[in-house]
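**Student:** What follows is data_7.tsv, TSV, C-alpha atoms.
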chain	number	residue	atom	x	y	z
A	1345	MET	CA	41.88	-7.86	-26.17
A	1346	GLU	CA	39.23	-10.15	-24.72
A	1347	TYR	CA	36.34	-8.62	-22.73
A	1348	SER	CA	35.87	-9.66	-19.12
A	1349	ASP	CA	32.84	-11.57	-17.86
A	1350	GLU	CA	32.30	-8.85	-15.28
A	1351	GLY	CA	32.22	-6.13	-17.93
A	1352	ARG	CA	29.82	-8.16	-20.06
A	1353	ASP	CA	27.48	-8.78	-17.11
A	1354	ARG	CA	27.52	-5.11	-16.17
A	1355	ARG	CA	26.56	-4.10	-19.70
A	1356	ILE	CA	23.80	-6.68	-19.88
A	1357	THR	CA	22.41	-5.38	-16.58
A	1358	GLN	CA	22.48	-1.77	-17.83
A	1359	LEU	CA	20.82	-2.76	-21.08
A	1360	ARG	CA	18.04	-4.63	-19.29
A	1361	LYS	CA	17.48	-1.83	-16.79
A	1362	GLY	CA	16.95	0.64	-19.57
A	1363	ILE	CA	14.51	-1.55	-21.43
A	1364	LEU	CA	12.67	-3.04	-18.46
A	1365	GLU	CA	10.44	0.01	-17.96
A	1366	LEU	CA	9.40	-0.16	-21.60
A	1367	ALA	CA	8.78	-3.91	-21.27
A	1368	VAL	CA	6.61	-3.31	-18.20
A	1369	MET	CA	4.60	-0.72	-20.12
A	1370	GLY	CA	4.29	-3.16	-23.00
A	1371	VAL	CA	2.85	-5.90	-20.77
A	1372	LEU	CA	0.45	-3.47	-19.05
A	1373	TYR	CA	-0.70	-2.04	-22.40
A	1374	HIS	CA	-3.38	-4.68	-22.94
A	1375	GLU	CA	-3.48	-6.62	-19.67
A	1376	ARG	CA	-3.71	-5.64	-16.03
A	1377	HIS	CA	-1.35	-7.31	-13.62
A	1378	TYR	CA	-0.33	-7.25	-9.97
A	1379	GLY	CA	3.35	-7.11	-9.04
A	1380	TYR	CA	4.05	-10.82	-8.80
A	1381	SER	CA	2.09	-11.77	-11.94
A	1382	LEU	CA	3.91	-9.03	-13.85
A	1383	VAL	CA	7.25	-10.48	-12.81
A	1384	ARG	CA	6.12	-13.96	-13.90
A	1385	VAL	CA	5.02	-12.68	-17.31
A	1386	LEU	CA	8.27	-10.83	-17.88
A	1387	CYS	CA	10.34	-13.84	-16.85
A	1388	GLU	CA	8.32	-16.41	-18.79
A	1389	ARG	CA	7.48	-14.48	-21.97
A	1390	GLY	CA	10.69	-12.49	-21.99
A	1391	SER	CA	12.90	-15.36	-20.81
A	1392	ILE	CA	14.87	-13.04	-18.58
A	1393	SER	CA	16.00	-13.58	-15.03
A	1394	LEU	CA	14.82	-10.64	-12.99
A	1395	LYS	CA	15.27	-9.55	-9.39
A	1396	GLU	CA	11.60	-9.35	-8.49
A	1397	GLY	CA	11.95	-6.28	-6.27
A	1398	THR	CA	13.12	-4.15	-9.21
A	1399	ILE	CA	9.59	-4.13	-10.56
A	1400	TYR	CA	8.26	-2.03	-7.66
A	1401	PRO	CA	10.45	1.05	-8.15
A	1402	ILE	CA	9.45	0.97	-11.84
A	1403	LEU	CA	5.75	0.72	-10.97
A	1404	ALA	CA	6.15	3.53	-8.42
A	1405	ARG	CA	7.78	5.73	-11.07
A	1406	LEU	CA	5.09	5.00	-13.63
A	1407	ASP	CA	2.39	5.59	-11.03
A	1408	ARG	CA	3.92	8.91	-9.98
A	1409	ASP	CA	4.02	10.06	-13.59
A	1410	GLY	CA	0.38	9.04	-14.11
A	1411	LEU	CA	1.31	6.42	-16.71
A	1412	VAL	CA	-0.32	3.54	-14.82
A	1413	GLY	CA	-3.48	3.32	-12.75
A	1414	SER	CA	-3.95	0.84	-9.92
A	1415	GLU	CA	-6.73	-0.78	-7.92
A	1416	TRP	CA	-6.95	-3.27	-5.08
A	1417	VAL	CA	-8.82	-6.48	-5.83
A	1418	GLU	CA	-9.76	-9.11	-3.25
A	1419	SER	CA	-8.23	-12.54	-3.84
A	1420	ASP	CA	-9.76	-15.92	-2.98
A	1421	GLN	CA	-6.39	-17.38	-2.16
A	1422	GLY	CA	-4.77	-14.80	0.06
A	1423	PRO	CA	-4.33	-11.08	0.69
A	1424	PRO	CA	-5.75	-8.54	-1.79
A	1425	ARG	CA	-3.75	-7.83	-4.92
A	1426	LYS	CA	-2.89	-4.43	-6.34
A	1427	TYR	CA	-3.54	-4.52	-10.06
A	1428	TYR	CA	-1.88	-2.10	-12.46
A	1429	ALA	CA	-2.85	-1.10	-16.00
A	1430	LEU	CA	-1.54	1.51	-18.41
A	1431	THR	CA	-3.52	4.76	-18.52
A	1432	ALA	CA	-4.42	6.53	-21.78
A	1433	SER	CA	-1.40	8.82	-21.47
A	1434	GLY	CA	0.74	5.77	-20.66
A	1435	ARG	CA	-0.44	4.12	-23.86
A	1436	ARG	CA	0.34	7.21	-25.93
A	1437	LEU	CA	3.82	7.42	-24.43
A	1438	PHE	CA	4.40	3.72	-25.00
A	1439	ASP	CA	3.47	4.10	-28.69
A	1440	GLU	CA	6.05	6.86	-29.07
A	1441	LEU	CA	8.74	5.07	-27.08
A	1442	SER	CA	8.25	1.78	-28.91
A	1443	GLN	CA	8.77	3.56	-32.24
A	1444	ASP	CA	12.05	4.95	-30.95
A	1445	PHE	CA	12.95	1.54	-29.64
A	1446	ASP	CA	12.23	-0.09	-33.02
A	1447	SER	CA	14.52	2.44	-34.69
A	1448	LEU	CA	17.27	1.59	-32.22
A	1449	VAL	CA	16.79	-2.15	-32.73
A	1450	SER	CA	16.92	-1.81	-36.50
A	1451	LEU	CA	20.07	0.31	-36.06
A	1452	VAL	CA	21.66	-2.43	-33.98
A	1453	HIS	CA	20.72	-5.18	-36.45
A	1454	ARG	CA	21.46	-3.26	-39.61
A	1455	LYS	CA	24.00	-4.95	-41.84
A	1456	TRP	CA	26.53	-2.20	-42.22
A	1457	LYS	CA	28.55	-2.21	-45.38
A	1458	ALA	CA	32.20	-1.77	-44.50
A	1459	PRO	CA	33.59	1.53	-45.92
A	1460	GLU	CA	36.37	1.22	-48.45
A	1461	GLN	CA	39.74	1.50	-46.78
A	1462	PRO	CA	42.36	3.75	-48.43
A	1463	GLU	CA	45.48	2.00	-49.65
A	1464	LEU	CA	47.96	2.35	-46.83
A	1465	VAL	CA	50.58	-0.07	-47.94
A	1466	GLY	CA	53.85	1.66	-48.74
A	1467	LYS	CA	52.71	5.02	-47.35
A	1468	LYS	CA	54.29	6.69	-44.39
A	1469	LEU	CA	51.83	7.47	-41.64
A	1470	ALA	CA	52.29	10.76	-39.85
A	1471	VAL	CA	52.27	10.41	-36.10
A	1472	ARG	CA	50.82	13.44	-34.37
A	1473	LYS	CA	52.20	14.21	-30.97
A	1474	GLY	CA	50.50	16.25	-28.24
B	547	MET	CA	-0.21	-14.00	9.00
B	548	ASN	CA	-1.85	-15.42	5.88
B	549	ASN	CA	-1.84	-19.02	7.21
B	550	TYR	CA	1.93	-19.28	7.00
B	551	PRO	CA	3.68	-21.71	9.28
B	552	GLU	CA	4.82	-19.82	12.37
B	553	VAL	CA	8.49	-19.64	11.47
B	554	VAL	CA	7.70	-18.45	7.94
B	555	ALA	CA	5.35	-15.77	9.29
B	556	LYS	CA	8.14	-14.58	11.57
B	557	ILE	CA	10.65	-14.33	8.71
B	558	ALA	CA	8.12	-12.54	6.47
B	559	LYS	CA	7.19	-10.15	9.27
B	560	ASP	CA	10.84	-9.38	9.89
B	561	TYR	CA	11.33	-8.57	6.20
B	562	LEU	CA	8.26	-6.31	6.18
B	563	GLU	CA	9.59	-4.51	9.27
B	564	ARG	CA	12.83	-3.86	7.39
B	565	VAL	CA	10.87	-2.50	4.43
B	566	LYS	CA	8.86	-0.32	6.83
B	567	SER	CA	12.00	1.10	8.40
B	568	GLN	CA	13.20	2.07	4.93
B	569	LEU	CA	9.90	3.87	4.36
B	570	ARG	CA	10.01	5.96	7.54
B	571	LEU	CA	10.02	9.23	5.53
B	572	VAL	CA	7.06	8.16	3.41
B	573	PRO	CA	3.54	9.28	4.47
B	574	VAL	CA	1.81	6.60	6.57
B	575	ARG	CA	-1.01	5.93	4.09
B	576	GLU	CA	1.43	5.31	1.24
B	577	GLN	CA	3.64	3.29	3.58
B	578	ASN	CA	0.77	0.98	4.57
B	579	GLU	CA	-0.34	0.52	0.98
B	580	PHE	CA	3.14	-0.44	-0.16
B	581	LEU	CA	3.57	-2.85	2.76
B	582	ARG	CA	0.27	-4.52	1.80
B	583	GLU	CA	1.53	-4.86	-1.74
B	584	ILE	CA	4.80	-6.46	-0.65
B	585	GLU	CA	2.90	-8.70	1.76
B	586	SER	CA	0.74	-9.84	-1.14
B	587	HIS	CA	3.84	-10.45	-3.26
B	588	LEU	CA	5.42	-12.57	-0.50
B	589	TYR	CA	2.29	-14.66	-0.20
B	590	GLU	CA	1.93	-15.23	-3.96
B	591	ALA	CA	5.60	-16.00	-4.42
B	592	TYR	CA	5.63	-18.35	-1.42
B	593	GLN	CA	2.64	-20.29	-2.76
B	594	GLN	CA	4.32	-20.63	-6.15
B	595	THR	CA	7.72	-21.67	-4.81
B	596	PRO	CA	8.01	-25.47	-4.71
B	597	GLY	CA	9.76	-27.35	-1.92
B	598	GLU	CA	9.25	-29.26	1.30
B	599	ASP	CA	11.28	-27.02	3.57
B	600	ASP	CA	9.16	-23.99	4.52
B	601	VAL	CA	12.11	-21.91	5.66
B	602	ALA	CA	14.06	-22.61	2.45
B	603	ARG	CA	10.98	-21.58	0.44
B	604	ILE	CA	10.47	-18.22	2.16
B	605	LEU	CA	14.20	-17.49	2.05
B	606	ALA	CA	14.20	-18.19	-1.70
B	607	VAL	CA	11.25	-15.78	-2.07
B	608	LEU	CA	13.06	-13.04	-0.16
B	609	ARG	CA	16.28	-13.67	-2.12
B	610	ASN	CA	14.39	-13.26	-5.40
B	611	LEU	CA	12.64	-10.13	-4.17
B	612	GLY	CA	15.87	-8.43	-3.14
B	613	GLU	CA	16.96	-6.16	-0.30
B	614	PRO	CA	14.31	-3.75	1.12
B	615	ALA	CA	16.42	-0.75	0.09
B	616	GLU	CA	16.27	-1.86	-3.55
B	617	VAL	CA	12.54	-2.52	-3.41
B	618	VAL	CA	11.65	0.91	-2.03
B	619	SER	CA	14.36	2.97	-3.77
B	620	ASP	CA	12.30	5.02	-6.21
B	621	ARG	CA	9.30	5.44	-3.93
B	622	LEU	CA	11.51	6.99	-1.29
B	623	ALA	CA	13.17	9.55	-3.57
B	624	GLY	CA	9.85	10.74	-4.98
B	625	THR	CA	8.24	11.03	-1.60
B	626	MET	CA	11.09	13.04	-0.17
B	627	VAL	CA	10.72	15.59	-2.93
B	628	ARG	CA	6.94	15.76	-2.53
B	629	SER	CA	6.90	15.95	1.25
B	630	GLY	CA	9.58	18.65	1.24
B	631	THR	CA	7.55	20.79	-1.12
B	632	LYS	CA	4.35	20.25	0.83
B	633	ARG	CA	5.96	21.18	4.12
B	634	ASN	CA	7.68	24.34	2.95
B	635	VAL	CA	4.98	26.06	0.92
B	636	PRO	CA	2.90	27.61	3.76
B	637	LEU	CA	6.04	28.67	5.63
B	638	TYR	CA	7.43	30.30	2.49
B	639	VAL	CA	4.18	32.22	2.23
B	640	VAL	CA	4.49	33.42	5.84
B	641	GLY	CA	8.15	34.29	5.32
B	642	GLY	CA	7.32	36.08	2.06
B	643	ILE	CA	4.62	38.19	3.74
B	644	LEU	CA	6.97	39.17	6.57
B	645	ILE	CA	9.75	40.12	4.16
B	646	ALA	CA	7.33	42.01	1.91
B	647	LEU	CA	5.89	43.92	4.87
B	648	PHE	CA	9.10	44.78	6.67
B	649	GLY	CA	12.23	43.67	4.85
B	650	ILE	CA	12.04	45.21	1.39
B	651	PRO	CA	10.34	48.60	1.87
B	652	LEU	CA	12.13	49.60	5.05
B	653	GLY	CA	15.65	48.25	4.40
B	654	PHE	CA	17.70	48.23	7.60
B	655	GLY	CA	14.76	49.36	9.70
B	656	GLY	CA	12.61	46.59	8.28
B	657	LEU	CA	15.25	44.00	9.01
B	658	GLY	CA	15.51	45.38	12.55
B	659	VAL	CA	11.77	45.00	13.02
B	660	LEU	CA	11.97	41.46	11.61
B	661	VAL	CA	14.81	40.54	13.95
B	662	GLY	CA	12.78	41.97	16.82
B	663	ILE	CA	9.73	39.92	15.89
B	664	LEU	CA	11.79	36.77	15.62
B	665	ALA	CA	13.48	37.47	18.96
B	666	GLY	CA	10.00	37.94	20.45
B	667	LEU	CA	8.87	34.67	18.93
B	668	ALA	CA	11.96	32.90	20.32
B	669	SER	CA	11.18	34.30	23.78
B	670	MET	CA	7.61	33.11	23.47
B	671	LEU	CA	8.91	29.67	22.55
B	672	VAL	CA	11.15	29.59	25.63
B	673	ALA	CA	8.21	30.73	27.78
B	674	PHE	CA	6.03	28.08	26.14
B	675	TYR	CA	8.47	25.29	27.04
B	676	ALA	CA	8.93	26.68	30.55
B	677	THR	CA	5.13	26.63	31.02
B	678	ALA	CA	4.91	23.07	29.69
B	679	GLY	CA	7.69	22.02	32.11
B	680	SER	CA	5.92	23.73	35.04
B	681	ILE	CA	2.61	22.08	34.22
B	682	LEU	CA	4.32	18.68	34.09
B	683	LEU	CA	6.01	19.34	37.43
B	684	VAL	CA	2.73	20.42	39.04
B	685	GLY	CA	1.04	17.34	37.57
B	686	ALA	CA	3.73	15.03	38.98
B	687	LEU	CA	3.51	16.67	42.43
B	688	PHE	CA	-0.28	16.40	42.50
B	689	MET	CA	-0.04	12.76	41.44
B	690	LEU	CA	2.26	12.16	44.40
B	691	LEU	CA	-0.11	14.00	46.74
B	692	GLY	CA	-3.12	12.11	45.41
B	693	LEU	CA	-1.43	8.74	45.83
B	694	THR	CA	-0.31	9.68	49.35
B	695	ARG	CA	-3.84	10.86	50.26
B	696	THR	CA	-5.35	7.61	48.94
B	697	LEU	CA	-2.82	5.03	50.07
B	698	LEU	CA	-1.15	6.65	53.09
B	699	PRO	CA	-3.72	9.09	54.57
B	700	HIS	CA	-2.04	9.22	58.01
B	701	ILE	CA	1.25	10.45	56.46
B	702	PHE	CA	-0.69	13.04	54.45
B	703	GLU	CA	-2.38	14.30	57.64
B	704	LYS	CA	0.96	14.51	59.46
B	705	LEU	CA	2.33	16.59	56.59
B	706	VAL	CA	-0.72	18.89	56.85
B	707	VAL	CA	-0.17	19.25	60.61
B	708	LEU	CA	3.51	20.08	60.00
B	709	GLY	CA	2.40	22.73	57.49
B	710	LEU	CA	4.21	21.11	54.57
B	711	ILE	CA	0.92	20.64	52.72
B	712	GLN	CA	-1.51	23.53	52.76
B	713	PHE	CA	-4.90	23.77	51.11
B	714	ASP	CA	-6.65	27.09	51.64
B	715	GLY	CA	-9.86	28.80	50.68
B	716	PRO	CA	-12.48	27.33	48.36
B	717	THR	CA	-10.25	24.34	47.37
B	718	ALA	CA	-10.02	23.19	50.98
B	719	ASP	CA	-13.77	23.81	51.52
B	720	PHE	CA	-14.59	21.80	48.43
B	721	LEU	CA	-12.29	18.87	49.32
B	722	ASP	CA	-13.60	18.72	52.91
B	723	HIS	CA	-16.93	17.45	51.55
B	724	PHE	CA	-15.27	14.17	50.52
B	725	SER	CA	-13.55	11.25	52.19
B	726	PRO	CA	-9.71	11.01	52.11
B	727	SER	CA	-9.73	8.39	49.33
B	728	GLU	CA	-12.12	10.52	47.24
B	729	GLN	CA	-9.91	13.54	47.82
B	730	GLY	CA	-6.96	11.48	46.61
B	731	LEU	CA	-8.91	10.46	43.53
B	732	PHE	CA	-9.66	14.12	42.73
B	733	MET	CA	-6.00	14.97	43.06
B	734	ILE	CA	-4.98	12.06	40.79
B	735	LEU	CA	-7.54	13.15	38.19
B	736	PHE	CA	-6.31	16.73	38.32
B	737	ALA	CA	-2.70	15.50	38.10
B	738	SER	CA	-3.54	13.33	35.06
B	739	LEU	CA	-5.08	16.34	33.33
B	740	MET	CA	-2.02	18.46	34.07
B	741	VAL	CA	0.40	15.77	32.84
B	742	ALA	CA	-1.64	15.27	29.67
B	743	SER	CA	-1.69	19.03	29.05
B	744	GLY	CA	2.06	19.24	29.63
B	745	PHE	CA	2.83	16.45	27.17
B	746	GLY	CA	0.36	17.96	24.69
B	747	MET	CA	2.20	21.28	24.90
B	748	LEU	CA	5.56	19.56	24.37
B	749	ARG	CA	4.20	17.81	21.29
B	750	LEU	CA	2.76	21.03	19.93
B	751	GLY	CA	6.05	22.79	20.64
B	752	LYS	CA	7.80	20.55	18.10
B	753	TYR	CA	5.80	22.15	15.28
B	754	VAL	CA	6.26	25.66	16.66
B	755	LEU	CA	10.00	25.02	16.86
B	756	ARG	CA	10.09	23.77	13.28
B	757	GLY	CA	8.28	26.88	12.00
B	758	LEU	CA	10.54	29.19	13.96
B	759	ARG	CA	13.67	27.46	12.72
B	760	PHE	CA	12.47	28.00	9.16
B	761	LEU	CA	11.78	31.71	9.80
B	762	PHE	CA	15.27	32.13	11.27
B	763	SER	CA	16.95	30.45	8.29
B	764	LEU	CA	14.87	32.65	5.96
B	765	LEU	CA	15.93	35.75	7.88
B	766	PHE	CA	19.64	34.84	7.75
B	767	ASP	CA	19.34	34.18	4.04
B	768	ARG	CA	17.76	37.61	3.47
B	769	MET	CA	20.44	39.27	5.59
B	770	ARG	CA	23.18	37.55	3.57
B	771	ARG	CA	21.62	38.72	0.31
B	772	PHE	CA	21.18	42.22	1.66
B	773	ALA	CA	24.86	42.29	2.70
B	774	GLN	CA	25.87	41.14	-0.79
B	775	LEU	CA	23.73	43.88	-2.36
B	776	LEU	CA	25.27	46.45	-0.06
B	777	ARG	CA	28.80	45.28	-0.89
B	778	ARG	CA	28.11	45.53	-4.60
B	779	THR	CA	26.64	49.02	-4.18
B	780	LEU	CA	29.61	50.27	-2.14
B	781	HIS	CA	32.20	48.65	-4.44
B	782	PRO	CA	30.88	48.97	-8.00
B	783	GLU	CA	34.25	47.91	-9.44
B	784	ASN	CA	33.65	44.43	-8.04
B	785	ARG	CA	30.31	44.33	-9.81
B	786	GLU	CA	31.95	45.29	-13.10
B	787	ALA	CA	34.57	42.60	-12.58
B	788	GLN	CA	31.87	40.06	-11.86
B	789	ARG	CA	29.95	41.06	-14.99
B	790	TYR	CA	33.14	40.78	-17.02
B	791	HIS	CA	33.75	37.26	-15.72
B	792	GLU	CA	30.14	36.32	-16.44
B	793	ARG	CA	30.47	37.56	-20.03
B	794	GLN	CA	33.71	35.70	-20.68
B	795	PRO	CA	32.41	32.18	-21.49
B	796	ALA	CA	29.64	33.50	-23.74
B	797	ASP	CA	32.09	35.62	-25.72
B	798	GLY	CA	34.43	32.68	-26.03
B	799	GLN	CA	31.69	30.50	-27.48
B	800	SER	CA	30.58	33.07	-30.03
B	801	ALA	CA	34.11	33.85	-31.18
B	802	PRO	CA	34.95	32.39	-34.58
B	803	GLY	CA	36.95	29.30	-34.17
Can I see the file as structure tokens?
**Tutor:**
Amino acid sequence: MEYSDEGRDRRITQLRKGILELAVMGVLYHERHYGYSLVRVLCERGSISLKEGTIYPILARLDRDGLVGSEWVESDQGPPRKYYALTASGRRLFDELSQDFDSLVSLVHRKWKAPEQPELVGKKLAVRKG
Amino acid sequence: MNNYPEVVAKIAKDYLERVKSQLRLVPVREQNEFLREIESHLYEAYQQTPGEDDVARILAVLRNLGEPAEVVSDRLAGTMVRSGTKRNVPLYVVGGILIALFGIPLGFGGLGVLVGILAGLASMLVAFYATAGSILLVGALFMLLGLTRTLLPHIFEKLVVLGLIQFDGPTADFLDHFSPSEQGLFMILFASLMVASGFGMLRLGKYVLRGLRFLFSLLFDRMRRFAQLLRRTLHPENREAQRYHERQPADGQSAPG
């Protein structure tokens, strides 16, 4: 049975949602960014199309948990920008989470050897009811 | 706003208003900070969006940003939890002290005392609102008198002659030192003070009402628990049955399969 486009899109969205927080932490690990520049980096380096507003709930969550710090910086070109950077505890958590993530990625990409199938030809298969 | 063309500024302002309305439960300081952040995002995104048509550019920015509800979603949930906790802690302390003083040691008597106190508080609240209403009424009447004395002094004097307006004693002696328009001004000032006091009392009453509502809900909760305790004491077989039912799932899990 062929999968539907809708089902595929839904799964892609779920997958991205789960990983986006980790990706945000990854970007903020070494660099500080304001909301819009963070979106640009994720879209350009990560080649993903992202609804820009989704970044703010993630930043709010990270901020609430003390994983990012923020500061307002005046801009020459317009209104002040709120810059975010990962805190020390955010970095420690990211290190742990990225290890877990690597394990999951290697699990997904692992070349599984197909188990040997028992010889079924000529045998009667019992059908269990109930 | 931010050197936008007028129509773009209007669209951006409208969007920010919608974000603000989503944040109505969030503390004002946090609300303002988040609005500044979104305002900054709009500006940056608008500058980076190519195109000749200003309206099409800002609409593209807003489309990419998403609906206000999506943008504020997580901030709202967290704030609701925090503000709820912050608001209830002192009242829980007050409720706890009242229950500890009267409810637990004295049983029925204690609950009776508690109900009495709460009834007294409710009466005070009614009296408080009645006083606020009276002050407002007096303020409005004095405002009317003051305006009449200033703008229509002959009508005021006719009303005094007819006995409908009476000033006696030291008030009358004091006012007689001034001209009619000055008297009117005094009355308007007094009326303004009264009206301001009345509105102040109404505003304060909102908090008193909130605290009292909490104490009532706490009392009803304690009464419900007390009734449950009483029922279990009077009908111990029900308690045994309840214990038996509570044990059932645990026994089932530990049974060998």
**Student:** What does the distance between CA of Ser1450 in chain A and CA of Leu1394 in chain A come to in Å, to one decimal place?
**Tutor:**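 These atoms are spaced 25.2 Å apart.
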**Student:** Would you list the contacts of Ala1429 in chain A as a list in words, taking every protein, DNA or RNA residue within 6 Å and counting all atoms listed in the file, but skipping same-chain residues closer than 5 positions in sequence?
**Tutor:**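 Neighbouring residues, sequence-local ones excluded: Leu1372, Arg1376, Val1412 and Gly1413 of chain A.
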**Student:** List as JSON lines every residue of chain B that is in contact with chain A, defined as an atom at most 9 Å from one of its atoms (using all atoms listed in the file), together with the nearest atom pair and the distance in Å rounded to one decimal, sorted by chain and then rising number.
**Tutor:**
{"residue": "B:Asn548", "atom": "CA", "partner": "A:Gly1422", "partner_atom": "CA", "distance": 6.5}
{"residue": "B:Asn549", "atom": "CA", "partner": "A:Gly1422", "partner_atom": "CA", "distance": 8.8}
{"residue": "B:Arg582", "atom": "CA", "partner": "A:Pro1424", "partner_atom": "CA", "distance": 8.1}
{"residue": "B:Glu583", "atom": "CA", "partner": "A:Lys1426", "partner_atom": "CA", "distance": 6.4}
{"residue": "B:Ile584", "atom": "CA", "partner": "A:Gly1379", "partner_atom": "CA", "distance": 8.5}
{"residue": "B:Glu585", "atom": "CA", "partner": "A:Pro1423", "partner_atom": "CA", "distance": 7.7}
{"residue": "B:Ser586", "atom": "CA", "partner": "A:Pro1423", "partner_atom": "CA", "distance": 5.5}
{"residue": "B:His587", "atom": "CA", "partner": "A:Tyr1380", "partner_atom": "CA", "distance": 5.6}
{"residue": "B:Leu588", "atom": "CA", "partner": "A:Tyr1380", "partner_atom": "CA", "distance": 8.6}
{"residue": "B:Tyr589", "atom": "CA", "partner": "A:Gly1422", "partner_atom": "CA", "distance": 7.1}
{"residue": "B:Glu590", "atom": "CA", "partner": "A:Tyr1380", "partner_atom": "CA", "distance": 6.9}
{"residue": "B:Ala591", "atom": "CA", "partner": "A:Tyr1380", "partner_atom": "CA", "distance": 7.0}
{"residue": "B:Arg609", "atom": "CA", "partner": "A:Lys1395", "partner_atom": "CA", "distance": 8.4}
{"residue": "B:Asn610", "atom": "CA", "partner": "A:Lys1395", "partner_atom": "CA", "distance": 5.5}
{"residue": "B:Leu611", "atom": "CA", "partner": "A:Gly1397", "partner_atom": "CA", "distance": 4.4}
{"residue": "B:Gly612", "atom": "CA", "partner": "A:Gly1397", "partner_atom": "CA", "distance": 5.5}
{"residue": "B:Glu613", "atom": "CA", "partner": "A:Gly1397", "partner_atom": "CA", "distance": 7.8}
{"residue": "B:Pro614", "atom": "CA", "partner": "A:Gly1397", "partner_atom": "CA", "distance": 8.2}
{"residue": "B:Glu616", "atom": "CA", "partner": "A:Gly1397", "partner_atom": "CA", "distance": 6.8}
{"residue": "B:Val617", "atom": "CA", "partner": "A:Gly1397", "partner_atom": "CA", "distance": 4.8}
{"residue": "B:Val618", "atom": "CA", "partner": "A:Pro1401", "partner_atom": "CA", "distance": 6.2}
{"residue": "B:Ser619", "atom": "CA", "partner": "A:Pro1401", "partner_atom": "CA", "distance": 6.2}
{"residue": "B:Asp620", "atom": "CA", "partner": "A:Pro1401", "partner_atom": "CA", "distance": 4.8}
{"residue": "B:Arg621", "atom": "CA", "partner": "A:Ala1404", "partner_atom": "CA", "distance": 5.8}
{"residue": "B:Gly624", "atom": "CA", "partner": "A:Arg1408", "partner_atom": "CA", "distance": 8.0}
**Student:** Print the selection's residues with C-alpha atoms to a file, as a PDB file, keeping the file's coordinate frame.
**Tutor:**
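To be explicit, this is the file written out as part_30.pdb:
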ATOM      1  CA  ASN B 548      -1.850 -15.420   5.880  1.00  0.00           C
ATOM      2  CA  ASN B 549      -1.840 -19.020   7.210  1.00  0.00           C
ATOM      3  CA  ARG B 582       0.270  -4.520   1.800  1.00  0.00           C
ATOM      4  CA  GLU B 583       1.530  -4.860  -1.740  1.00  0.00           C
ATOM      5  CA  ILE B 584       4.800  -6.460  -0.650  1.00  0.00           C
ATOM      6  CA  GLU B 585       2.900  -8.700   1.760  1.00  0.00           C
ATOM      7  CA  SER B 586       0.740  -9.840  -1.140  1.00  0.00           C
ATOM      8  CA  HIS B 587       3.840 -10.450  -3.260  1.00  0.00           C
ATOM      9  CA  LEU B 588       5.420 -12.570  -0.500  1.00  0.00           C
ATOM     10  CA  TYR B 589       2.290 -14.660  -0.200  1.00  0.00           C
ATOM     11  CA  GLU B 590       1.930 -15.230  -3.960  1.00  0.00           C
ATOM     12  CA  ALA B 591       5.600 -16.000  -4.420  1.00  0.00           C
ATOM     13  CA  ARG B 609      16.280 -13.670  -2.120  1.00  0.00           C
ATOM     14  CA  ASN B 610      14.390 -13.260  -5.400  1.00  0.00           C
ATOM     15  CA  LEU B 611      12.640 -10.130  -4.170  1.00  0.00           C
ATOM     16  CA  GLY B 612      15.870  -8.430  -3.140  1.00  0.00           C
ATOM     17  CA  GLU B 613      16.960  -6.160  -0.300  1.00  0.00           C
ATOM     18  CA  PRO B 614      14.310  -3.750   1.120  1.00  0.00           C
ATOM     19  CA  GLU B 616      16.270  -1.860  -3.550  1.00  0.00           C
ATOM     20  CA  VAL B 617      12.540  -2.520  -3.410  1.00  0.00           C
ATOM     21  CA  VAL B 618      11.650   0.910  -2.030  1.00  0.00           C
ATOM     22  CA  SER B 619      14.360   2.970  -3.770  1.00  0.00           C
ATOM     23  CA  ASP B 620      12.300   5.020  -6.210  1.00  0.00           C
ATOM     24  CA  ARG B 621       9.300   5.440  -3.930  1.00  0.00           C
ATOM     25  CA  GLY B 624       9.850  10.740  -4.980  1.00  0.00           C
TER      26      GLY B 624
END
**Student:** Using all atoms listed in the file, which residues sit within 12 Å of Gly1362 in chain A once same-chain residues fewer than 6 positions away are excluded, as a PyMOL selection string?
**Tutor:** chain A and resi 1355-1356+1368+1402+1441+1445
**Student:** Just to confirm, what's the straight-line distance from CA of Asp1353 in chain A to CA of Val1452 in chain A in Å (one decimal)?
**Tutor:**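 For CA of Asp1353 in chain A relative to CA of Val1452 in chain A, the distance reads 18.9 Å.
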**Student:** My list of candidates is A:Phe1438, A:Ile1392, A:Gly1410, A:Thr1357. Which is closest to Val1371 in chain A when distances are computed with only C-alpha atoms?
**Tutor:**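 Using only C-alpha atoms, Val1371 in chain A sits closest to A:Phe1438.
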**Student:** What is the distance between CA of Gly744 in chain B and CA of Ser680 in chain B, in Å to one decimal?
**Tutor:**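 One can read the CA of Gly744 in chain B to CA of Ser680 in chain B distance as 8.0 Å.
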**Student:** Please determine, counting all atoms listed in the file, which residue among A:Arg1352, A:Tyr1347, A:Glu1418, A:Ser1442 has the shortest atom-to-atom distance to Ala1367 in chain A.
**Tutor:**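 Checking each candidate against Ala1367 in chain A, we get A:Ser1442 as the closest.
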**Student:** Residues around (2.6, 4.2, -17.7), cut-off 7 Å, counting only C-alpha atoms - what are they as a ChimeraX atom specification?
**Tutor:** /A:1369,1406-1407,1410-1412,1430-1431,1434-1435
